[in-house]
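Heads up, protein.pdb below (PDB, C-alpha atoms):
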```
ATOM      1  CA  MET K 229     -53.526  28.326  39.919  1.00  0.00           C
ATOM      2  CA  ASN K 230     -54.635  26.849  36.650  1.00  0.00           C
ATOM      3  CA  LYS K 231     -52.582  29.375  34.694  1.00  0.00           C
ATOM      4  CA  SER K 232     -49.297  28.561  36.430  1.00  0.00           C
ATOM      5  CA  TRP K 233     -49.846  24.844  35.846  1.00  0.00           C
ATOM      6  CA  MET K 234     -50.353  25.498  32.113  1.00  0.00           C
ATOM      7  CA  GLN K 235     -47.289  27.737  31.941  1.00  0.00           C
ATOM      8  CA  GLN K 236     -45.195  25.078  33.659  1.00  0.00           C
ATOM      9  CA  GLY K 237     -46.437  22.439  31.201  1.00  0.00           C
ATOM     10  CA  MET K 238     -45.618  24.654  28.222  1.00  0.00           C
ATOM     11  CA  ALA K 239     -42.097  25.308  29.562  1.00  0.00           C
ATOM     12  CA  GLU K 240     -41.479  21.551  29.944  1.00  0.00           C
ATOM     13  CA  SER K 241     -42.829  20.976  26.445  1.00  0.00           C
ATOM     14  CA  LYS K 242     -40.452  23.598  24.993  1.00  0.00           C
ATOM     15  CA  ALA K 243     -37.465  22.094  26.863  1.00  0.00           C
ATOM     16  CA  THR K 244     -38.289  18.604  25.597  1.00  0.00           C
ATOM     17  CA  HIS K 245     -38.848  19.922  22.100  1.00  0.00           C
ATOM     18  CA  SER K 246     -35.566  21.843  22.012  1.00  0.00           C
ATOM     19  CA  SER K 247     -33.474  18.923  23.362  1.00  0.00           C
ATOM     20  CA  SER K 248     -34.926  16.464  20.824  1.00  0.00           C
ATOM     21  CA  TYR K 249     -34.440  19.101  18.119  1.00  0.00           C
ATOM     22  CA  TYR K 250     -30.727  19.421  18.967  1.00  0.00           C
ATOM     23  CA  LEU K 251     -30.341  15.644  19.224  1.00  0.00           C
ATOM     24  CA  LYS K 252     -31.792  15.255  15.721  1.00  0.00           C
ATOM     25  CA  LYS K 253     -29.428  17.953  14.408  1.00  0.00           C
ATOM     26  CA  VAL K 254     -26.404  16.253  15.984  1.00  0.00           C
ATOM     27  CA  LEU K 255     -27.415  12.842  14.602  1.00  0.00           C
ATOM     28  CA  ARG K 256     -28.018  14.340  11.165  1.00  0.00           C
ATOM     29  CA  LEU K 257     -24.583  16.020  11.237  1.00  0.00           C
ATOM     30  CA  PHE K 258     -22.935  12.786  12.399  1.00  0.00           C
ATOM     31  CA  GLY K 259     -24.632  10.882   9.564  1.00  0.00           C
ATOM     32  CA  LYS K 260     -23.422  13.424   7.003  1.00  0.00           C
ATOM     33  CA  VAL K 261     -19.836  13.163   8.315  1.00  0.00           C
ATOM     34  CA  VAL K 262     -19.894   9.346   8.139  1.00  0.00           C
ATOM     35  CA  ILE K 263     -21.347   9.398   4.626  1.00  0.00           C
ATOM     36  CA  GLY K 264     -18.752  12.002   3.603  1.00  0.00           C
ATOM     37  CA  ILE K 265     -15.872   9.862   4.908  1.00  0.00           C
ATOM     38  CA  LEU K 266     -17.218   6.756   3.146  1.00  0.00           C
ATOM     39  CA  ALA K 267     -17.650   8.723  -0.089  1.00  0.00           C
ATOM     40  CA  LEU K 268     -14.062   9.984   0.194  1.00  0.00           C
ATOM     41  CA  ILE K 269     -12.758   6.426   0.682  1.00  0.00           C
ATOM     42  CA  VAL K 270     -14.729   5.183  -2.332  1.00  0.00           C
ATOM     43  CA  LEU K 271     -13.464   8.120  -4.398  1.00  0.00           C
ATOM     44  CA  ILE K 272      -9.854   7.316  -3.435  1.00  0.00           C
ATOM     45  CA  PHE K 273     -10.335   3.642  -4.400  1.00  0.00           C
ATOM     46  CA  ILE K 274     -11.763   4.700  -7.771  1.00  0.00           C
ATOM     47  CA  LEU K 275      -9.023   7.274  -8.406  1.00  0.00           C
ATOM     48  CA  ILE K 276      -6.255   4.786  -7.599  1.00  0.00           C
ATOM     49  CA  GLN K 277      -7.477   2.622 -10.458  1.00  0.00           C
ATOM     50  CA  THR K 278      -7.331   5.394 -13.077  1.00  0.00           C
ATOM     51  CA  PRO K 279      -4.323   5.565 -15.447  1.00  0.00           C
ATOM     52  CA  PRO K 280      -3.264   9.143 -14.552  1.00  0.00           C
ATOM     53  CA  VAL K 281      -3.039   8.337 -10.833  1.00  0.00           C
ATOM     54  CA  GLN K 282      -1.236   5.052 -11.517  1.00  0.00           C
ATOM     55  CA  ASN K 283       1.203   6.858 -13.826  1.00  0.00           C
ATOM     56  CA  PHE K 284       1.849   9.421 -11.063  1.00  0.00           C
ATOM     57  CA  ALA K 285       2.452   6.573  -8.581  1.00  0.00           C
ATOM     58  CA  ARG K 286       4.782   4.842 -11.082  1.00  0.00           C
ATOM     59  CA  LYS K 287       6.911   7.985 -11.383  1.00  0.00           C
ATOM     60  CA  LYS K 288       7.059   8.390  -7.600  1.00  0.00           C
ATOM     61  CA  ILE K 289       8.084   4.739  -7.132  1.00  0.00           C
ATOM     62  CA  GLU K 290      10.772   5.047  -9.822  1.00  0.00           C
ATOM     63  CA  SER K 291      12.133   8.214  -8.239  1.00  0.00           C
ATOM     64  CA  TYR K 292      12.127   6.698  -4.747  1.00  0.00           C
ATOM     65  CA  LEU K 293      13.943   3.539  -5.886  1.00  0.00           C
ATOM     66  CA  GLN K 294      16.508   5.469  -7.917  1.00  0.00           C
ATOM     67  CA  ASN K 295      17.313   7.684  -4.931  1.00  0.00           C
ATOM     68  CA  LYS K 296      17.370   4.761  -2.497  1.00  0.00           C
ATOM     69  CA  LEU K 297      19.461   2.434  -4.694  1.00  0.00           C
ATOM     70  CA  GLN K 298      21.558   5.119  -6.436  1.00  0.00           C
ATOM     71  CA  THR K 299      21.141   3.371  -9.793  1.00  0.00           C
ATOM     72  CA  LYS K 300      18.825   3.431 -12.802  1.00  0.00           C
ATOM     73  CA  VAL K 301      15.353   1.984 -12.242  1.00  0.00           C
ATOM     74  CA  THR K 302      12.565   2.174 -14.828  1.00  0.00           C
ATOM     75  CA  ILE K 303       9.023   0.883 -14.736  1.00  0.00           C
ATOM     76  CA  GLY K 304       7.083   1.001 -17.983  1.00  0.00           C
ATOM     77  CA  LYS K 305       3.616   0.598 -16.502  1.00  0.00           C
ATOM     78  CA  LEU K 306       2.087   0.189 -13.064  1.00  0.00           C
ATOM     79  CA  TYR K 307      -1.348  -1.340 -12.573  1.00  0.00           C
ATOM     80  CA  ILE K 308      -3.028  -1.400  -9.169  1.00  0.00           C
ATOM     81  CA  GLY K 309      -6.218  -3.427  -9.082  1.00  0.00           C
ATOM     82  CA  LEU K 310      -7.586  -2.953  -5.608  1.00  0.00           C
ATOM     83  CA  PRO K 311      -7.849  -4.737  -3.314  1.00  0.00           C
ATOM     84  CA  ASP K 312      -5.350  -7.413  -4.304  1.00  0.00           C
ATOM     85  CA  ILE K 313      -3.445  -7.061  -7.606  1.00  0.00           C
ATOM     86  CA  ILE K 314      -0.280  -5.076  -8.287  1.00  0.00           C
ATOM     87  CA  SER K 315       1.390  -5.433 -11.689  1.00  0.00           C
ATOM     88  CA  LEU K 316       4.614  -3.919 -13.019  1.00  0.00           C
ATOM     89  CA  GLN K 317       5.438  -4.079 -16.725  1.00  0.00           C
ATOM     90  CA  ASN K 318       8.712  -3.399 -18.533  1.00  0.00           C
ATOM     91  CA  VAL K 319      10.884  -3.257 -15.426  1.00  0.00           C
ATOM     92  CA  TYR K 320      14.599  -2.485 -15.642  1.00  0.00           C
ATOM     93  CA  ILE K 321      17.136  -2.248 -12.800  1.00  0.00           C
ATOM     94  CA  GLU K 322      20.866  -1.669 -13.228  1.00  0.00           C
ATOM     95  CA  ASP K 323      23.570  -2.819 -10.870  1.00  0.00           C
ATOM     96  CA  LYS K 324      26.330  -0.541  -9.568  1.00  0.00           C
ATOM     97  CA  SER K 325      28.558  -1.237 -12.598  1.00  0.00           C
ATOM     98  CA  LYS K 326      25.803   0.045 -14.965  1.00  0.00           C
ATOM     99  CA  ASP K 327      25.069  -3.476 -16.213  1.00  0.00           C
ATOM    100  CA  THR K 328      21.575  -4.999 -16.302  1.00  0.00           C
ATOM    101  CA  LEU K 329      20.663  -6.576 -12.990  1.00  0.00           C
ATOM    102  CA  LEU K 330      17.016  -7.295 -13.731  1.00  0.00           C
ATOM    103  CA  ALA K 331      14.912  -6.731 -16.820  1.00  0.00           C
ATOM    104  CA  GLY K 332      11.495  -8.094 -17.455  1.00  0.00           C
ATOM    105  CA  SER K 333       8.207  -7.695 -19.185  1.00  0.00           C
ATOM    106  CA  LYS K 334       5.824  -8.466 -16.300  1.00  0.00           C
ATOM    107  CA  LEU K 335       5.851  -8.845 -12.526  1.00  0.00           C
ATOM    108  CA  LYS K 336       2.377  -9.478 -11.119  1.00  0.00           C
ATOM    109  CA  VAL K 337       1.553  -9.954  -7.452  1.00  0.00           C
ATOM    110  CA  ASN K 338      -1.775 -11.027  -6.004  1.00  0.00           C
ATOM    111  CA  ILE K 339      -1.452  -9.824  -2.415  1.00  0.00           C
ATOM    112  CA  ASP K 340      -3.996  -9.652   0.372  1.00  0.00           C
ATOM    113  CA  LEU K 341      -3.753  -5.959   1.309  1.00  0.00           C
ATOM    114  CA  PHE K 342      -6.133  -6.275   4.259  1.00  0.00           C
ATOM    115  CA  ARG K 343      -3.846  -8.831   5.943  1.00  0.00           C
ATOM    116  CA  LEU K 344      -1.080  -6.191   5.954  1.00  0.00           C
ATOM    117  CA  LEU K 345      -2.976  -4.482   8.774  1.00  0.00           C
ATOM    118  CA  ASN K 346      -2.246  -7.582  10.898  1.00  0.00           C
ATOM    119  CA  ASN K 347       1.498  -7.637   9.992  1.00  0.00           C
ATOM    120  CA  VAL K 348       1.014 -10.522   7.568  1.00  0.00           C
ATOM    121  CA  VAL K 349       2.234 -10.339   3.971  1.00  0.00           C
ATOM    122  CA  GLU K 350      -0.024 -12.875   2.242  1.00  0.00           C
ATOM    123  CA  ILE K 351       1.077 -13.307  -1.383  1.00  0.00           C
ATOM    124  CA  ASN K 352      -1.436 -15.566  -3.084  1.00  0.00           C
ATOM    125  CA  ASP K 353       0.195 -15.564  -6.531  1.00  0.00           C
ATOM    126  CA  LEU K 354       3.500 -14.257  -7.840  1.00  0.00           C
ATOM    127  CA  GLN K 355       3.847 -14.244 -11.637  1.00  0.00           C
ATOM    128  CA  LEU K 356       7.112 -13.464 -13.391  1.00  0.00           C
ATOM    129  CA  GLU K 357       7.043 -13.299 -17.194  1.00  0.00           C
ATOM    130  CA  GLY K 358       9.925 -12.559 -19.534  1.00  0.00           C
ATOM    131  CA  ILE K 359      12.367 -11.844 -16.716  1.00  0.00           C
ATOM    132  CA  THR K 360      16.144 -11.853 -17.108  1.00  0.00           C
ATOM    133  CA  ALA K 361      18.335 -11.527 -14.024  1.00  0.00           C
ATOM    134  CA  LYS K 362      22.115 -11.220 -14.287  1.00  0.00           C
ATOM    135  CA  ILE K 363      23.654 -12.262 -11.002  1.00  0.00           C
ATOM    136  CA  LYS K 364      27.412 -12.204 -10.703  1.00  0.00           C
ATOM    137  CA  ARG K 365      30.228 -12.154  -8.214  1.00  0.00           C
ATOM    138  CA  GLN K 366      33.691 -11.026  -9.235  1.00  0.00           C
ATOM    139  CA  LEU K 367      36.432 -12.822  -7.310  1.00  0.00           C
ATOM    140  CA  PRO K 368      38.150 -12.013  -4.924  1.00  0.00           C
ATOM    141  CA  ASP K 369      35.059  -9.992  -3.888  1.00  0.00           C
ATOM    142  CA  THR K 370      32.615 -12.134  -1.913  1.00  0.00           C
ATOM    143  CA  THR K 371      29.474 -10.059  -2.491  1.00  0.00           C
ATOM    144  CA  TYR K 372      26.992 -10.417  -5.317  1.00  0.00           C
ATOM    145  CA  ASN K 373      26.007  -7.577  -7.627  1.00  0.00           C
ATOM    146  CA  PHE K 374      22.590  -7.240  -5.942  1.00  0.00           C
ATOM    147  CA  GLN K 375      24.010  -6.737  -2.429  1.00  0.00           C
ATOM    148  CA  PHE K 376      23.484  -2.958  -2.713  1.00  0.00           C
ATOM    149  CA  ILE K 377      19.715  -3.552  -2.799  1.00  0.00           C
ATOM    150  CA  VAL K 378      19.838  -5.574   0.418  1.00  0.00           C
ATOM    151  CA  ASP K 379      22.041  -2.942   2.039  1.00  0.00           C
ATOM    152  CA  ALA K 380      19.749  -0.088   0.957  1.00  0.00           C
ATOM    153  CA  PHE K 381      16.729  -1.583   2.701  1.00  0.00           C
ATOM    154  CA  MET K 382      18.478  -2.821   5.838  1.00  0.00           C
ATOM    155  CA  PRO K 383      17.841  -0.803   8.991  1.00  0.00           C
ATOM    156  CA  VAL K 384      20.757   1.360  10.098  1.00  0.00           C
ATOM    157  CA  THR K 385      20.869  -0.225  13.549  1.00  0.00           C
ATOM    158  CA  GLN K 386      20.042  -3.868  13.958  1.00  0.00           C
ATOM    159  CA  LYS K 387      18.362  -4.971  17.151  1.00  0.00           C
ATOM    160  CA  PRO K 388      18.211  -8.552  18.366  1.00  0.00           C
ATOM    161  CA  VAL K 389      15.022 -10.215  17.175  1.00  0.00           C
ATOM    162  CA  ASN K 390      12.410 -10.436  19.894  1.00  0.00           C
ATOM    163  CA  THR K 391      10.030 -13.312  19.200  1.00  0.00           C
ATOM    164  CA  LYS K 392       7.307 -11.699  21.333  1.00  0.00           C
ATOM    165  CA  ASP K 393       7.502  -8.427  19.369  1.00  0.00           C
ATOM    166  CA  SER K 394       4.217  -7.734  17.578  1.00  0.00           C
ATOM    167  CA  SER K 395       5.925  -5.679  14.862  1.00  0.00           C
ATOM    168  CA  VAL K 396       7.496  -8.739  13.190  1.00  0.00           C
ATOM    169  CA  MET K 397       5.901  -9.436   9.818  1.00  0.00           C
ATOM    170  CA  GLN K 398       4.923 -12.889   8.725  1.00  0.00           C
ATOM    171  CA  VAL K 399       5.336 -13.618   5.014  1.00  0.00           C
ATOM    172  CA  ASN K 400       3.314 -16.299   3.234  1.00  0.00           C
ATOM    173  CA  LEU K 401       3.872 -17.139  -0.429  1.00  0.00           C
ATOM    174  CA  ASN K 402       1.385 -19.598  -1.908  1.00  0.00           C
ATOM    175  CA  ASN K 403       2.010 -19.873  -5.688  1.00  0.00           C
ATOM    176  CA  ILE K 404       4.848 -18.836  -7.983  1.00  0.00           C
ATOM    177  CA  LEU K 405       4.390 -18.870 -11.754  1.00  0.00           C
ATOM    178  CA  LEU K 406       7.568 -18.490 -13.820  1.00  0.00           C
ATOM    179  CA  ASN K 407       7.238 -17.977 -17.572  1.00  0.00           C
ATOM    180  CA  LYS K 408      10.320 -17.353 -19.747  1.00  0.00           C
ATOM    181  CA  VAL K 409      12.540 -16.553 -16.758  1.00  0.00           C
ATOM    182  CA  HIS K 410      16.317 -16.549 -17.282  1.00  0.00           C
ATOM    183  CA  VAL K 411      18.955 -16.286 -14.584  1.00  0.00           C
ATOM    184  CA  ILE K 412      22.448 -15.616 -15.877  1.00  0.00           C
TER     185      ILE K 412
END
```

Could you spell out this file's structure in structure tokens?
Amino acid sequence: MNKSWMQQGMAESKATHSSSYYLKKVLRLFGKVVIGILALIVLIFILIQTPPVQNFARKKIESYLQNKLQTKVTIGKLYIGLPDIISLQNVYIEDKSKDTLLAGSKLKVNIDLFRLLNNVVEINDLQLEGITAKIKRQLPDTTYNFQFIVDAFMPVTQKPVNTKDSSVMQVNLNNILLNKVHVI
């Protein structure tokens, strides 16, 4: 009788040992996955701030805008300083008649990127330096030369605005700094 009691105790000990062993393995694997995801996020944040990645993003933005607007768009330099600064230098946009619509040396935005997750565009500072904008309207035409930009980003079908809709974005603009800005 003593032998069976000892065998039963050893079997329970092995079962307890094996279940805690697997629990430790699962927790260790879960920890490695979490650390791996955090390391990947940190790596992406670091890579976004390197010049080659920003140059790649600048080219993609230029290409997207040129295709969307069907006009010439150039950006000399893009700087993304996470989590809140986006700067464009040497920007040039033509209107549909191949004339300069906007040209400038620096557009800098201090934006709260984390508030975008809550459908809020919080622009803390907007700096425009060395900007020239040529806005014109040829009579009898009633539209301005920048209307094609508005039309390009308008939704194809417009729905009535629902004030209870959570997808509506709120835009807050705190400070605007204009330096050597000309509107013609």

- Message: To test your reading of the syntax: which residues would the PyMOL selection byres ((chain K and resi 408-412) around 8) return for the file shown? Reply as JSON, numbers by chain.
- Response: {"K": [356, 357, 358, 359, 360, 361, 362, 363, 364, 406, 407]}

- Between CA of Gln298 (chain K) and CA of Leu329 (chain K), what is the distance, to one decimal in Å? 13.4 Å

Contacts of Leu306 (chain K) at 7 Å or less, counting only C-alpha atoms, minus same-chain residues fewer than 6 places along, as a compact mmCIF listing (two decimals) with C-alpha atoms, in the frame of the given file?
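Output file out-v4.txt is given in full below:
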```
# COMPACT_ATOMS: atom_id res chain seq x y z
CA GLN K 282 -1.24 5.05 -11.52
CA ASN K 283 1.20 6.86 -13.83
CA ARG K 286 4.78 4.84 -11.08
CA SER K 315 1.39 -5.43 -11.69
CA LEU K 316 4.61 -3.92 -13.02
CA GLN K 317 5.44 -4.08 -16.73
```

With 4 Å of padding per side, what axis-aligned box (centre and edge lengths, Å, one decimal) covers all the listed atoms of region 246-250 of chain K? Give it as AutoDock Vina command-line options.
```
--center_x -33.1 --center_y 19.2 --center_z 20.7 --size_x 12.8 --size_y 13.4 --size_z 13.2
```

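By chain and then residue number, the residues within 12 Å of Phe374 (chain K) are Leu297, Thr299, Ile321, Glu322, Asp323, Lys324, Ser325, Asp327, Thr328, Leu329, Leu330, Ala361, Lys362, Ile363, Lys364, Arg365, Asp379, Ala380 and Phe381 of chain K, counting only C-alpha atoms and disregarding those fewer than 5 positions away in sequence.
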
- Find the residues around Thr278 (chain K) up to 10 Å (only C-alpha atoms counted), leave out those fewer than 6 positions away in its own chain, and share them as a PyMOL selection string. chain K and resi 307-309

Those residues with C-alpha atoms, as a PDB file, in the coordinates of the input please?
```pdb
ATOM      1  CA  TYR K 307      -1.348  -1.340 -12.573  1.00  0.00           C
ATOM      2  CA  ILE K 308      -3.028  -1.400  -9.169  1.00  0.00           C
ATOM      3  CA  GLY K 309      -6.218  -3.427  -9.082  1.00  0.00           C
TER       4      GLY K 309
END
```

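For the structure in this document, the set picked by the PyMOL selection byres ((chain K and resi 289) around 12) is Gln282, Asn283, Phe284, Ala285, Arg286, Lys287, Lys288, Glu290, Ser291, Tyr292, Leu293, Gln294, Asn295, Lys296, Leu297, Val301, Thr302, Ile303, Gly304, Lys305, Leu306, Leu316 and Val319 of chain K.
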
- Quick one: residues within 9 Å of Glu350 (chain K), all atoms listed in the file counted, chain neighbours fewer than 6 positions away excluded, as a PyMOL selection string? chain K and resi 338-341+343-344+398-402

- Measure the distance from CA of Ile269 (chain K) to CA of Tyr250 (chain K) in Å and round it to one decimal.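 So the answer is 28.7 Å.
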
- Query: What does the distance from CA of Leu405 (chain K) to CA of Ile314 (chain K) come to in Å, to one decimal?
  - Reply: 15.0 Å

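For the file at hand, the PyMOL selection byres ((chain K and resi 353) around 6) resolves to Val337, Asn338, Ile351, Asn352, Leu354, Asn403 and Ile404 of chain K.
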
Region 339-358 of chain K rebuilt with N, CA and C atoms, output as a PDB file, keeping the file's coordinate frame:
```pdb
ATOM      1  N   ILE K 339      -1.762  -9.947  -3.841  1.00  0.00           N
ATOM      2  CA  ILE K 339      -1.452  -9.824  -2.415  1.00  0.00           C
ATOM      3  C   ILE K 339      -2.713  -9.434  -1.654  1.00  0.00           C
ATOM      4  N   ASP K 340      -2.857  -9.983  -0.478  1.00  0.00           N
ATOM      5  CA  ASP K 340      -3.996  -9.652   0.372  1.00  0.00           C
ATOM      6  C   ASP K 340      -3.652  -8.393   1.171  1.00  0.00           C
ATOM      7  N   LEU K 341      -4.105  -7.231   0.683  1.00  0.00           N
ATOM      8  CA  LEU K 341      -3.753  -5.959   1.309  1.00  0.00           C
ATOM      9  C   LEU K 341      -4.353  -5.805   2.702  1.00  0.00           C
ATOM     10  N   PHE K 342      -5.495  -6.422   2.955  1.00  0.00           N
ATOM     11  CA  PHE K 342      -6.133  -6.275   4.259  1.00  0.00           C
ATOM     12  C   PHE K 342      -5.375  -7.028   5.344  1.00  0.00           C
ATOM     13  N   ARG K 343      -4.640  -8.088   4.966  1.00  0.00           N
ATOM     14  CA  ARG K 343      -3.846  -8.831   5.943  1.00  0.00           C
ATOM     15  C   ARG K 343      -2.617  -8.028   6.377  1.00  0.00           C
ATOM     16  N   LEU K 344      -2.217  -7.032   5.574  1.00  0.00           N
ATOM     17  CA  LEU K 344      -1.080  -6.191   5.954  1.00  0.00           C
ATOM     18  C   LEU K 344      -1.353  -5.441   7.254  1.00  0.00           C
ATOM     19  N   LEU K 345      -2.619  -5.165   7.533  1.00  0.00           N
ATOM     20  CA  LEU K 345      -2.976  -4.482   8.774  1.00  0.00           C
ATOM     21  C   LEU K 345      -2.649  -5.329   9.998  1.00  0.00           C
ATOM     22  N   ASN K 346      -2.570  -6.653   9.814  1.00  0.00           N
ATOM     23  CA  ASN K 346      -2.246  -7.582  10.898  1.00  0.00           C
ATOM     24  C   ASN K 346      -0.797  -8.051  10.839  1.00  0.00           C
ATOM     25  N   ASN K 347       0.075  -7.299  10.144  1.00  0.00           N
ATOM     26  CA  ASN K 347       1.498  -7.637   9.992  1.00  0.00           C
ATOM     27  C   ASN K 347       1.708  -8.985   9.310  1.00  0.00           C
ATOM     28  N   VAL K 348       0.866  -9.300   8.347  1.00  0.00           N
ATOM     29  CA  VAL K 348       1.014 -10.522   7.568  1.00  0.00           C
ATOM     30  C   VAL K 348       1.055 -10.140   6.092  1.00  0.00           C
ATOM     31  N   VAL K 349       2.134 -10.539   5.411  1.00  0.00           N
ATOM     32  CA  VAL K 349       2.234 -10.339   3.971  1.00  0.00           C
ATOM     33  C   VAL K 349       1.787 -11.650   3.339  1.00  0.00           C
ATOM     34  N   GLU K 350       0.573 -11.675   2.841  1.00  0.00           N
ATOM     35  CA  GLU K 350      -0.024 -12.875   2.242  1.00  0.00           C
ATOM     36  C   GLU K 350       0.000 -12.705   0.729  1.00  0.00           C
ATOM     37  N   ILE K 351       0.973 -13.357   0.074  1.00  0.00           N
ATOM     38  CA  ILE K 351       1.077 -13.307  -1.383  1.00  0.00           C
ATOM     39  C   ILE K 351       0.433 -14.576  -1.919  1.00  0.00           C
ATOM     40  N   ASN K 352      -0.717 -14.414  -2.551  1.00  0.00           N
ATOM     41  CA  ASN K 352      -1.436 -15.566  -3.084  1.00  0.00           C
ATOM     42  C   ASN K 352      -0.784 -16.078  -4.360  1.00  0.00           C
ATOM     43  N   ASP K 353      -0.443 -15.190  -5.270  1.00  0.00           N
ATOM     44  CA  ASP K 353       0.195 -15.564  -6.531  1.00  0.00           C
ATOM     45  C   ASP K 353       1.294 -14.567  -6.854  1.00  0.00           C
ATOM     46  N   LEU K 354       2.405 -15.080  -7.340  1.00  0.00           N
ATOM     47  CA  LEU K 354       3.500 -14.257  -7.840  1.00  0.00           C
ATOM     48  C   LEU K 354       3.807 -14.751  -9.241  1.00  0.00           C
ATOM     49  N   GLN K 355       3.609 -13.880 -10.245  1.00  0.00           N
ATOM     50  CA  GLN K 355       3.847 -14.244 -11.637  1.00  0.00           C
ATOM     51  C   GLN K 355       5.002 -13.424 -12.184  1.00  0.00           C
ATOM     52  N   LEU K 356       5.980 -14.107 -12.739  1.00  0.00           N
ATOM     53  CA  LEU K 356       7.112 -13.464 -13.391  1.00  0.00           C
ATOM     54  C   LEU K 356       7.129 -13.924 -14.839  1.00  0.00           C
ATOM     55  N   GLU K 357       7.055 -12.971 -15.764  1.00  0.00           N
ATOM     56  CA  GLU K 357       7.043 -13.299 -17.194  1.00  0.00           C
ATOM     57  C   GLU K 357       8.122 -12.503 -17.909  1.00  0.00           C
ATOM     58  N   GLY K 358       8.905 -13.206 -18.726  1.00  0.00           N
ATOM     59  CA  GLY K 358       9.925 -12.559 -19.534  1.00  0.00           C
ATOM     60  C   GLY K 358      10.978 -11.849 -18.708  1.00  0.00           C
TER      61      GLY K 358
END
```
